[in-house]
Amino acid sequence: MKKLLLITLVFVMSYTVNAQIQTPAPSPNAKLEQVVGLTNVAIEYSRPAMRGRAIYGNLVPYGKVWRTGANLRTTITFSDDVVVGGQTLKAGTYAIFTIPEANRWEVIFYSEYEGGGAPQELDETKVAARVKADVMPLGMDIQSFTISIDDVTNESAVIGILWEKSYVGVKFEVPTDKTVMAGINRTMAGPGANDYFASAVYYLNAGKDLQQAKEWMDKAISMREKPAFWQLRQQSLIYAATGDKKGAIKIAEKSLELSKEAGNGDYVKMNTESIAEWKQ
């Protein structure tokens with residue numbers, strides 16, 4: 001009897017597993033990624049289809065907040081601060097809500113992007129930007145709801161919303177020129193104190209050209225009004241490694257004094273031991 005029940009249970013479980021059928025989602029998910037200038041932009045949304053239905057003014061009512069898609073909220077993510085309609089959107093993720101009208105839409109970037117559907121009432125403290133956009137009629141039906149990133153340049157692009165016979169475009173601007181110019185100015189100005197310091201420490205630890213490490217470290221220290229005890233510690237180690245024990249002791253004594261003032265017992269101990277070793 002037990003054997004019969006076991007066989008029956010295995011058969012039922014096998015039938016249940018094999019009977020699982022996958023069907024396509026009525027509003028499949030989509031993800032769009034685009035680099036605009038130097039800014040990464042990603043849009044995630046669901047794509048409902050017309051299926052013979054009238055869309056705007058019917059399935060999607062005029063004058064009401066719409067999730068701009070189906071299922072979960074449509075989201076857009078910017079890797080940098082961008083400007084939309086003269087309003088700055090900080091780098092991050094936003095839900096895209098819209099209020100469709102026959103000839104003009106309001107497009108809303110909302111900081112609370114998780115969840116499904118649009119809220120009953122918008123919390124104005126979470127509205128990061130609002131822009132108006134004209135509806136451009138199309139000569140054919142767009143059967144599947146579509147979001148695109150169009151007219152891409154180094155400085156801007158357009159978020160396109162297409163469905164039925166309508167196209168709505170929202171332009172956003174990216175800080176490409178500002179980013180590039182900052183990089184150019186930084187490079188043309190030459191390495192900073194941190195660059196010289198990091199390079200010198202790497203050369204010391206990697207056993208590379210110690211004279212070059214010493215030159216870079218001296219440059220790094222000279223660029224600082226008040227070098228820290230831990231920076232002087234690294235400088236003293238480089239001097240000792242090049243054989244300049246006298247110079248290393250002098251620098252280590254400065255590091256020791258500053259580490260005592262800072263109350264850093266570890267550096268007090270290390271400097272004291274090094275000074276004693278180098279004086280031998």
# chains A, B, ... in the order shown; residues from 1 in each chain; ligands from 1

call {"tool": "residues_around", "arguments": {"residues": "Ile76 of chain A", "least_positions_apart": "5", "cutoff": "10 Å", "atoms": "only C-alpha atoms", "output": "list in words"}}
result
Lys31, Leu32, Glu33, Val41, Ala42, Ile43, Glu44, Tyr45, Gly92, Thr93, Tyr94, Ala95, Ile96, Phe109, Tyr110, Tyr113 and Ile159 of chain A

call {"tool": "residues_around", "arguments": {"residues": "Ala30 of chain A", "least_positions_apart": "3", "cutoff": "12 Å", "atoms": "only C-alpha atoms", "output": "list in words"}}
result
Ala25, Ser27, Glu33, Ala42, Ile43, Glu44, Tyr45, Ser46, Arg47, Pro48, Gly69, Ala70, Asn71, Leu72, Thr74, Thr75, Ser144, Phe145, Thr146, Ile147 and Ser148 of chain A

call {"tool": "residues_around", "arguments": {"residues": "Thr88 of chain A", "least_positions_apart": "3", "cutoff": "10 Å", "atoms": "only C-alpha atoms", "output": "short mmCIF file (atom, residue, chain, number, x, y, z; two decimals) with C-alpha atoms, in the first residue's frame"}}
result
data_model
loop_
_atom_site.label_atom_id
_atom_site.label_comp_id
_atom_site.auth_asym_id
_atom_site.auth_seq_id
_atom_site.Cartn_x
_atom_site.Cartn_y
_atom_site.Cartn_z
CA ASP A 81 23.24 65.93 -12.80
CA VAL A 82 21.17 66.92 -15.83
CA VAL A 83 18.93 69.84 -16.73
CA VAL A 84 15.32 69.35 -17.85
CA GLY A 85 13.25 72.37 -18.80
CA ALA A 91 22.18 62.26 -10.50
CA ALA A 128 12.00 66.84 -8.82
CA ALA A 129 10.96 68.50 -12.09
CA PHE A 172 17.44 67.04 -21.27
CA GLU A 173 20.92 68.55 -21.15
#

call {"tool": "closest_residue", "arguments": {"among": "A:Arg53, A:Ala157, A:Met217, A:Val168", "to": "Thr98 of chain A", "atoms": "only C-alpha atoms"}}
result
A:Val168

call {"tool": "closest_residue", "arguments": {"among": "A:Gly190, A:Gly139, A:Pro100, A:Gly169", "to": "Tyr62 of chain A", "atoms": "only C-alpha atoms"}}
result
A:Pro100

call {"tool": "select_by_dssp", "arguments": {"residues": "segment 78-206 of chain A", "states": "alpha helix (DSSP H)", "output": "PyMOL selection string"}}
result
chain A and resi 176-188+193-206

call {"tool": "write_last_selection", "arguments": {"atoms": "C-alpha atoms", "output": "short mmCIF file (atom, residue, chain, number, x, y, z; two decimals), in the first residue's frame"}}
result
data_model
loop_
_atom_site.label_atom_id
_atom_site.label_comp_id
_atom_site.auth_asym_id
_atom_site.auth_seq_id
_atom_site.Cartn_x
_atom_site.Cartn_y
_atom_site.Cartn_z
CA THR A 176 29.65 67.25 -20.97
CA ASP A 177 31.49 70.49 -21.57
CA LYS A 178 31.81 71.19 -17.85
CA THR A 179 33.22 67.70 -17.22
CA VAL A 180 35.63 67.79 -20.16
CA MET A 181 36.91 71.28 -19.33
CA ALA A 182 37.46 70.32 -15.69
CA GLY A 183 39.52 67.34 -16.85
CA ILE A 184 41.50 69.45 -19.29
CA ASN A 185 42.24 72.13 -16.70
CA ARG A 186 43.22 69.53 -14.12
CA THR A 187 45.54 67.76 -16.53
CA MET A 188 47.11 70.92 -17.90
CA ALA A 193 50.22 66.84 -4.20
CA ASN A 194 48.14 63.69 -3.79
CA ASP A 195 49.31 62.40 -7.19
CA TYR A 196 52.98 62.94 -6.33
CA PHE A 197 52.54 61.41 -2.86
CA ALA A 198 50.70 58.30 -4.09
CA SER A 199 53.24 57.73 -6.88
CA ALA A 200 56.20 58.07 -4.50
CA VAL A 201 54.72 55.62 -1.97
CA TYR A 202 53.98 53.14 -4.74
CA TYR A 203 57.56 53.34 -6.02
CA LEU A 204 58.87 52.80 -2.48
CA ASN A 205 56.68 49.77 -1.80
CA ALA A 206 57.26 48.28 -5.26
#

call {"tool": "residues_around", "arguments": {"residues": "Gly265 of chain A", "least_positions_apart": "6", "cutoff": "10 Å", "atoms": "only C-alpha atoms", "output": "ChimeraX atom specification"}}
result
/A:256,259,271

call {"tool": "write_last_selection", "arguments": {"atoms": "N, CA and C atoms", "output": "short mmCIF file (atom, residue, chain, number, x, y, z; two decimals), in the first residue's frame"}}
result
data_model
loop_
_atom_site.label_atom_id
_atom_site.label_comp_id
_atom_site.auth_asym_id
_atom_site.auth_seq_id
_atom_site.Cartn_x
_atom_site.Cartn_y
_atom_site.Cartn_z
N LEU A 256 57.48 62.57 14.37
CA LEU A 256 57.32 62.16 15.77
C LEU A 256 56.65 63.27 16.58
N SER A 259 53.01 63.54 15.52
CA SER A 259 52.22 62.38 15.94
C SER A 259 51.95 62.41 17.43
N ASN A 271 58.01 55.95 14.63
CA ASN A 271 59.05 56.97 14.43
C ASN A 271 60.19 56.82 15.43
#

call {"tool": "residues_around", "arguments": {"residues": "Gln235 of chain A", "least_positions_apart": "2", "cutoff": "10 Å", "atoms": "only C-alpha atoms", "output": "PyMOL selection string"}}
result
chain A and resi 197+200-201+204+213-214+216-218+220-221+229-233+237-241+247-248+251-252+255

call {"tool": "write_last_selection", "arguments": {"atoms": "C-alpha atoms", "output": "compact mmCIF listing (two decimals), in the first residue's frame"}}
result
# COMPACT_ATOMS: atom_id res chain seq x y z
CA PHE A 197 52.54 61.41 -2.86
CA ALA A 200 56.20 58.07 -4.50
CA VAL A 201 54.72 55.62 -1.97
CA LEU A 204 58.87 52.80 -2.48
CA ALA A 213 60.27 58.36 -5.46
CA LYS A 214 62.29 60.83 -3.39
CA TRP A 216 58.09 63.02 -6.14
CA MET A 217 57.75 62.88 -2.35
CA ASP A 218 59.73 66.11 -1.91
CA ALA A 220 54.32 66.46 -2.65
CA ILE A 221 55.51 67.73 0.74
CA PHE A 229 52.72 63.27 10.43
CA TRP A 230 51.80 60.23 8.34
CA GLN A 231 52.97 61.98 5.17
CA LEU A 232 56.30 62.90 6.76
CA ARG A 233 56.61 59.30 7.92
CA LEU A 237 61.15 55.99 4.83
CA ILE A 238 62.02 57.00 1.28
CA TYR A 239 65.03 59.01 2.48
CA ALA A 240 66.23 56.02 4.53
CA ALA A 241 65.75 53.70 1.56
CA GLY A 247 67.79 63.36 6.24
CA ALA A 248 65.47 60.50 7.26
CA ILE A 251 62.09 64.22 8.87
CA ALA A 252 61.15 61.42 11.28
CA SER A 255 56.75 63.29 12.17

call {"tool": "atom_distance", "arguments": {"atom1": "atom CA of Gln34 of chain A", "atom2": "atom CA of Glu106 of chain A"}}
result
23.5 Å

call {"tool": "atom_distance", "arguments": {"atom1": "atom CA of Leu89 of chain A", "atom2": "atom CA of Gly63 of chain A"}}
result
24.5 Å

call {"tool": "closest_residue", "arguments": {"among": "A:Leu38, A:Ala276, A:Ile21, A:Ile142", "to": "Ala54 of chain A", "atoms": "only C-alpha atoms"}}
result
A:Ile142

call {"tool": "select_by_dssp", "arguments": {"residues": "segment 9-189 of chain A", "states": "strand (DSSP E)", "output": "PyMOL selection string"}}
result
chain A and resi 29-36+39-46+75-78+82-84+87-89+92-99+104-110+127-150+156-173

call {"tool": "decode", "arguments": {"residues": "segment 111-259 of chain A", "atoms": "C-alpha atoms", "output": "PDB file, in the first residue's frame"}}
result
ATOM      1  CA  SER A 111      11.949  60.940  -6.622  1.00  0.00           C
ATOM      2  CA  GLU A 112       9.907  58.024  -5.223  1.00  0.00           C
ATOM      3  CA  TYR A 113      10.477  55.604  -8.063  1.00  0.00           C
ATOM      4  CA  GLU A 114       9.713  52.221  -6.492  1.00  0.00           C
ATOM      5  CA  GLY A 115       6.287  50.606  -6.572  1.00  0.00           C
ATOM      6  CA  GLY A 116       3.543  50.074  -9.094  1.00  0.00           C
ATOM      7  CA  GLY A 117       1.242  52.619 -10.652  1.00  0.00           C
ATOM      8  CA  ALA A 118       0.992  56.308  -9.930  1.00  0.00           C
ATOM      9  CA  PRO A 119       0.042  57.616  -6.470  1.00  0.00           C
ATOM     10  CA  GLN A 120      -3.498  58.892  -5.925  1.00  0.00           C
ATOM     11  CA  GLU A 121      -2.027  62.307  -5.210  1.00  0.00           C
ATOM     12  CA  LEU A 122       1.469  63.521  -5.994  1.00  0.00           C
ATOM     13  CA  ASP A 123       3.620  64.587  -3.069  1.00  0.00           C
ATOM     14  CA  GLU A 124       5.054  67.891  -4.267  1.00  0.00           C
ATOM     15  CA  THR A 125       8.135  67.411  -2.086  1.00  0.00           C
ATOM     16  CA  LYS A 126       8.972  64.399  -4.284  1.00  0.00           C
ATOM     17  CA  VAL A 127       8.467  66.196  -7.596  1.00  0.00           C
ATOM     18  CA  ALA A 128      12.000  66.843  -8.822  1.00  0.00           C
ATOM     19  CA  ALA A 129      10.963  68.501 -12.091  1.00  0.00           C
ATOM     20  CA  ARG A 130       7.875  69.249 -14.197  1.00  0.00           C
ATOM     21  CA  VAL A 131       8.006  70.071 -17.885  1.00  0.00           C
ATOM     22  CA  LYS A 132       5.433  70.672 -20.617  1.00  0.00           C
ATOM     23  CA  ALA A 133       5.766  68.906 -23.963  1.00  0.00           C
ATOM     24  CA  ASP A 134       3.705  69.209 -27.122  1.00  0.00           C
ATOM     25  CA  VAL A 135       2.093  66.187 -28.745  1.00  0.00           C
ATOM     26  CA  MET A 136       3.343  65.478 -32.252  1.00  0.00           C
ATOM     27  CA  PRO A 137       0.871  63.454 -34.357  1.00  0.00           C
ATOM     28  CA  LEU A 138       2.218  60.435 -36.213  1.00  0.00           C
ATOM     29  CA  GLY A 139       1.030  59.094 -39.538  1.00  0.00           C
ATOM     30  CA  MET A 140       0.698  55.523 -38.308  1.00  0.00           C
ATOM     31  CA  ASP A 141      -0.151  53.586 -35.172  1.00  0.00           C
ATOM     32  CA  ILE A 142       2.650  52.601 -32.804  1.00  0.00           C
ATOM     33  CA  GLN A 143       1.176  49.336 -31.557  1.00  0.00           C
ATOM     34  CA  SER A 144       3.496  48.816 -28.562  1.00  0.00           C
ATOM     35  CA  PHE A 145       4.128  51.568 -26.028  1.00  0.00           C
ATOM     36  CA  THR A 146       7.686  52.755 -26.661  1.00  0.00           C
ATOM     37  CA  ILE A 147      10.188  55.026 -24.931  1.00  0.00           C
ATOM     38  CA  SER A 148      13.234  56.131 -26.896  1.00  0.00           C
ATOM     39  CA  ILE A 149      16.263  58.371 -26.459  1.00  0.00           C
ATOM     40  CA  ASP A 150      16.454  60.498 -29.581  1.00  0.00           C
ATOM     41  CA  ASP A 151      18.479  63.356 -31.099  1.00  0.00           C
ATOM     42  CA  VAL A 152      21.592  62.384 -29.129  1.00  0.00           C
ATOM     43  CA  THR A 153      24.392  64.978 -29.139  1.00  0.00           C
ATOM     44  CA  ASN A 154      27.376  65.610 -26.880  1.00  0.00           C
ATOM     45  CA  GLU A 155      25.294  68.051 -24.851  1.00  0.00           C
ATOM     46  CA  SER A 156      21.706  66.780 -24.905  1.00  0.00           C
ATOM     47  CA  ALA A 157      19.134  64.200 -25.964  1.00  0.00           C
ATOM     48  CA  VAL A 158      15.361  63.799 -26.093  1.00  0.00           C
ATOM     49  CA  ILE A 159      13.247  61.293 -24.163  1.00  0.00           C
ATOM     50  CA  GLY A 160      10.647  60.151 -26.687  1.00  0.00           C
ATOM     51  CA  ILE A 161       7.278  58.663 -25.667  1.00  0.00           C
ATOM     52  CA  LEU A 162       5.434  56.920 -28.520  1.00  0.00           C
ATOM     53  CA  TRP A 163       2.114  55.097 -28.628  1.00  0.00           C
ATOM     54  CA  GLU A 164      -0.939  55.054 -30.843  1.00  0.00           C
ATOM     55  CA  LYS A 165      -0.463  58.035 -33.180  1.00  0.00           C
ATOM     56  CA  SER A 166       1.345  60.323 -30.724  1.00  0.00           C
ATOM     57  CA  TYR A 167       4.951  61.296 -30.020  1.00  0.00           C
ATOM     58  CA  VAL A 168       5.933  63.387 -26.981  1.00  0.00           C
ATOM     59  CA  GLY A 169       9.551  64.504 -26.604  1.00  0.00           C
ATOM     60  CA  VAL A 170      11.306  65.892 -23.524  1.00  0.00           C
ATOM     61  CA  LYS A 171      14.782  67.335 -23.977  1.00  0.00           C
ATOM     62  CA  PHE A 172      17.445  67.040 -21.272  1.00  0.00           C
ATOM     63  CA  GLU A 173      20.921  68.546 -21.153  1.00  0.00           C
ATOM     64  CA  VAL A 174      24.070  66.867 -19.800  1.00  0.00           C
ATOM     65  CA  PRO A 175      27.221  68.511 -18.329  1.00  0.00           C
ATOM     66  CA  THR A 176      29.646  67.245 -20.974  1.00  0.00           C
ATOM     67  CA  ASP A 177      31.486  70.494 -21.574  1.00  0.00           C
ATOM     68  CA  LYS A 178      31.813  71.188 -17.853  1.00  0.00           C
ATOM     69  CA  THR A 179      33.223  67.699 -17.221  1.00  0.00           C
ATOM     70  CA  VAL A 180      35.630  67.793 -20.160  1.00  0.00           C
ATOM     71  CA  MET A 181      36.906  71.282 -19.330  1.00  0.00           C
ATOM     72  CA  ALA A 182      37.462  70.321 -15.692  1.00  0.00           C
ATOM     73  CA  GLY A 183      39.523  67.338 -16.846  1.00  0.00           C
ATOM     74  CA  ILE A 184      41.504  69.452 -19.293  1.00  0.00           C
ATOM     75  CA  ASN A 185      42.239  72.133 -16.697  1.00  0.00           C
ATOM     76  CA  ARG A 186      43.215  69.528 -14.116  1.00  0.00           C
ATOM     77  CA  THR A 187      45.541  67.758 -16.530  1.00  0.00           C
ATOM     78  CA  MET A 188      47.112  70.920 -17.901  1.00  0.00           C
ATOM     79  CA  ALA A 189      47.729  72.200 -14.384  1.00  0.00           C
ATOM     80  CA  GLY A 190      49.903  69.135 -13.767  1.00  0.00           C
ATOM     81  CA  PRO A 191      49.809  66.511 -11.011  1.00  0.00           C
ATOM     82  CA  GLY A 192      48.637  67.564  -7.564  1.00  0.00           C
ATOM     83  CA  ALA A 193      50.224  66.843  -4.196  1.00  0.00           C
ATOM     84  CA  ASN A 194      48.145  63.687  -3.786  1.00  0.00           C
ATOM     85  CA  ASP A 195      49.309  62.395  -7.187  1.00  0.00           C
ATOM     86  CA  TYR A 196      52.980  62.943  -6.333  1.00  0.00           C
ATOM     87  CA  PHE A 197      52.538  61.410  -2.864  1.00  0.00           C
ATOM     88  CA  ALA A 198      50.697  58.299  -4.093  1.00  0.00           C
ATOM     89  CA  SER A 199      53.240  57.729  -6.877  1.00  0.00           C
ATOM     90  CA  ALA A 200      56.197  58.072  -4.500  1.00  0.00           C
ATOM     91  CA  VAL A 201      54.716  55.625  -1.965  1.00  0.00           C
ATOM     92  CA  TYR A 202      53.979  53.138  -4.745  1.00  0.00           C
ATOM     93  CA  TYR A 203      57.559  53.338  -6.025  1.00  0.00           C
ATOM     94  CA  LEU A 204      58.873  52.800  -2.478  1.00  0.00           C
ATOM     95  CA  ASN A 205      56.675  49.772  -1.803  1.00  0.00           C
ATOM     96  CA  ALA A 206      57.258  48.277  -5.264  1.00  0.00           C
ATOM     97  CA  GLY A 207      61.033  48.647  -5.056  1.00  0.00           C
ATOM     98  CA  LYS A 208      61.192  50.876  -8.114  1.00  0.00           C
ATOM     99  CA  ASP A 209      63.412  53.916  -8.753  1.00  0.00           C
ATOM    100  CA  LEU A 210      63.938  55.310  -5.245  1.00  0.00           C
ATOM    101  CA  GLN A 211      65.516  58.546  -6.458  1.00  0.00           C
ATOM    102  CA  GLN A 212      62.387  59.201  -8.513  1.00  0.00           C
ATOM    103  CA  ALA A 213      60.271  58.355  -5.455  1.00  0.00           C
ATOM    104  CA  LYS A 214      62.290  60.829  -3.386  1.00  0.00           C
ATOM    105  CA  GLU A 215      61.846  63.564  -6.003  1.00  0.00           C
ATOM    106  CA  TRP A 216      58.089  63.019  -6.141  1.00  0.00           C
ATOM    107  CA  MET A 217      57.753  62.883  -2.351  1.00  0.00           C
ATOM    108  CA  ASP A 218      59.732  66.106  -1.908  1.00  0.00           C
ATOM    109  CA  LYS A 219      57.425  67.735  -4.468  1.00  0.00           C
ATOM    110  CA  ALA A 220      54.318  66.457  -2.654  1.00  0.00           C
ATOM    111  CA  ILE A 221      55.514  67.732   0.738  1.00  0.00           C
ATOM    112  CA  SER A 222      56.548  71.113  -0.704  1.00  0.00           C
ATOM    113  CA  MET A 223      53.034  71.610  -2.106  1.00  0.00           C
ATOM    114  CA  ARG A 224      51.468  71.264   1.347  1.00  0.00           C
ATOM    115  CA  GLU A 225      51.379  74.138   3.806  1.00  0.00           C
ATOM    116  CA  LYS A 226      51.318  71.772   6.788  1.00  0.00           C
ATOM    117  CA  PRO A 227      52.280  68.176   5.938  1.00  0.00           C
ATOM    118  CA  ALA A 228      50.672  65.566   8.189  1.00  0.00           C
ATOM    119  CA  PHE A 229      52.716  63.273  10.426  1.00  0.00           C
ATOM    120  CA  TRP A 230      51.802  60.234   8.339  1.00  0.00           C
ATOM    121  CA  GLN A 231      52.970  61.976   5.166  1.00  0.00           C
ATOM    122  CA  LEU A 232      56.297  62.897   6.763  1.00  0.00           C
ATOM    123  CA  ARG A 233      56.614  59.302   7.922  1.00  0.00           C
ATOM    124  CA  GLN A 234      56.503  58.085   4.317  1.00  0.00           C
ATOM    125  CA  GLN A 235      59.004  60.746   3.294  1.00  0.00           C
ATOM    126  CA  SER A 236      61.427  59.607   6.006  1.00  0.00           C
ATOM    127  CA  LEU A 237      61.146  55.991   4.832  1.00  0.00           C
ATOM    128  CA  ILE A 238      62.022  56.999   1.276  1.00  0.00           C
ATOM    129  CA  TYR A 239      65.032  59.009   2.475  1.00  0.00           C
ATOM    130  CA  ALA A 240      66.229  56.016   4.529  1.00  0.00           C
ATOM    131  CA  ALA A 241      65.747  53.695   1.561  1.00  0.00           C
ATOM    132  CA  THR A 242      67.972  55.934  -0.597  1.00  0.00           C
ATOM    133  CA  GLY A 243      70.697  55.833   2.086  1.00  0.00           C
ATOM    134  CA  ASP A 244      70.165  59.371   3.392  1.00  0.00           C
ATOM    135  CA  LYS A 245      69.835  58.360   7.059  1.00  0.00           C
ATOM    136  CA  LYS A 246      70.608  61.885   8.315  1.00  0.00           C
ATOM    137  CA  GLY A 247      67.788  63.361   6.236  1.00  0.00           C
ATOM    138  CA  ALA A 248      65.475  60.504   7.257  1.00  0.00           C
ATOM    139  CA  ILE A 249      66.101  61.155  10.969  1.00  0.00           C
ATOM    140  CA  LYS A 250      65.422  64.865  10.608  1.00  0.00           C
ATOM    141  CA  ILE A 251      62.093  64.220   8.867  1.00  0.00           C
ATOM    142  CA  ALA A 252      61.148  61.421  11.277  1.00  0.00           C
ATOM    143  CA  GLU A 253      61.696  63.772  14.214  1.00  0.00           C
ATOM    144  CA  LYS A 254      59.169  66.182  12.694  1.00  0.00           C
ATOM    145  CA  SER A 255      56.749  63.289  12.167  1.00  0.00           C
ATOM    146  CA  LEU A 256      57.318  62.157  15.773  1.00  0.00           C
ATOM    147  CA  GLU A 257      56.564  65.622  17.122  1.00  0.00           C
ATOM    148  CA  LEU A 258      53.342  65.915  15.100  1.00  0.00           C
ATOM    149  CA  SER A 259      52.219  62.379  15.935  1.00  0.00           C
TER     150      SER A 259
END
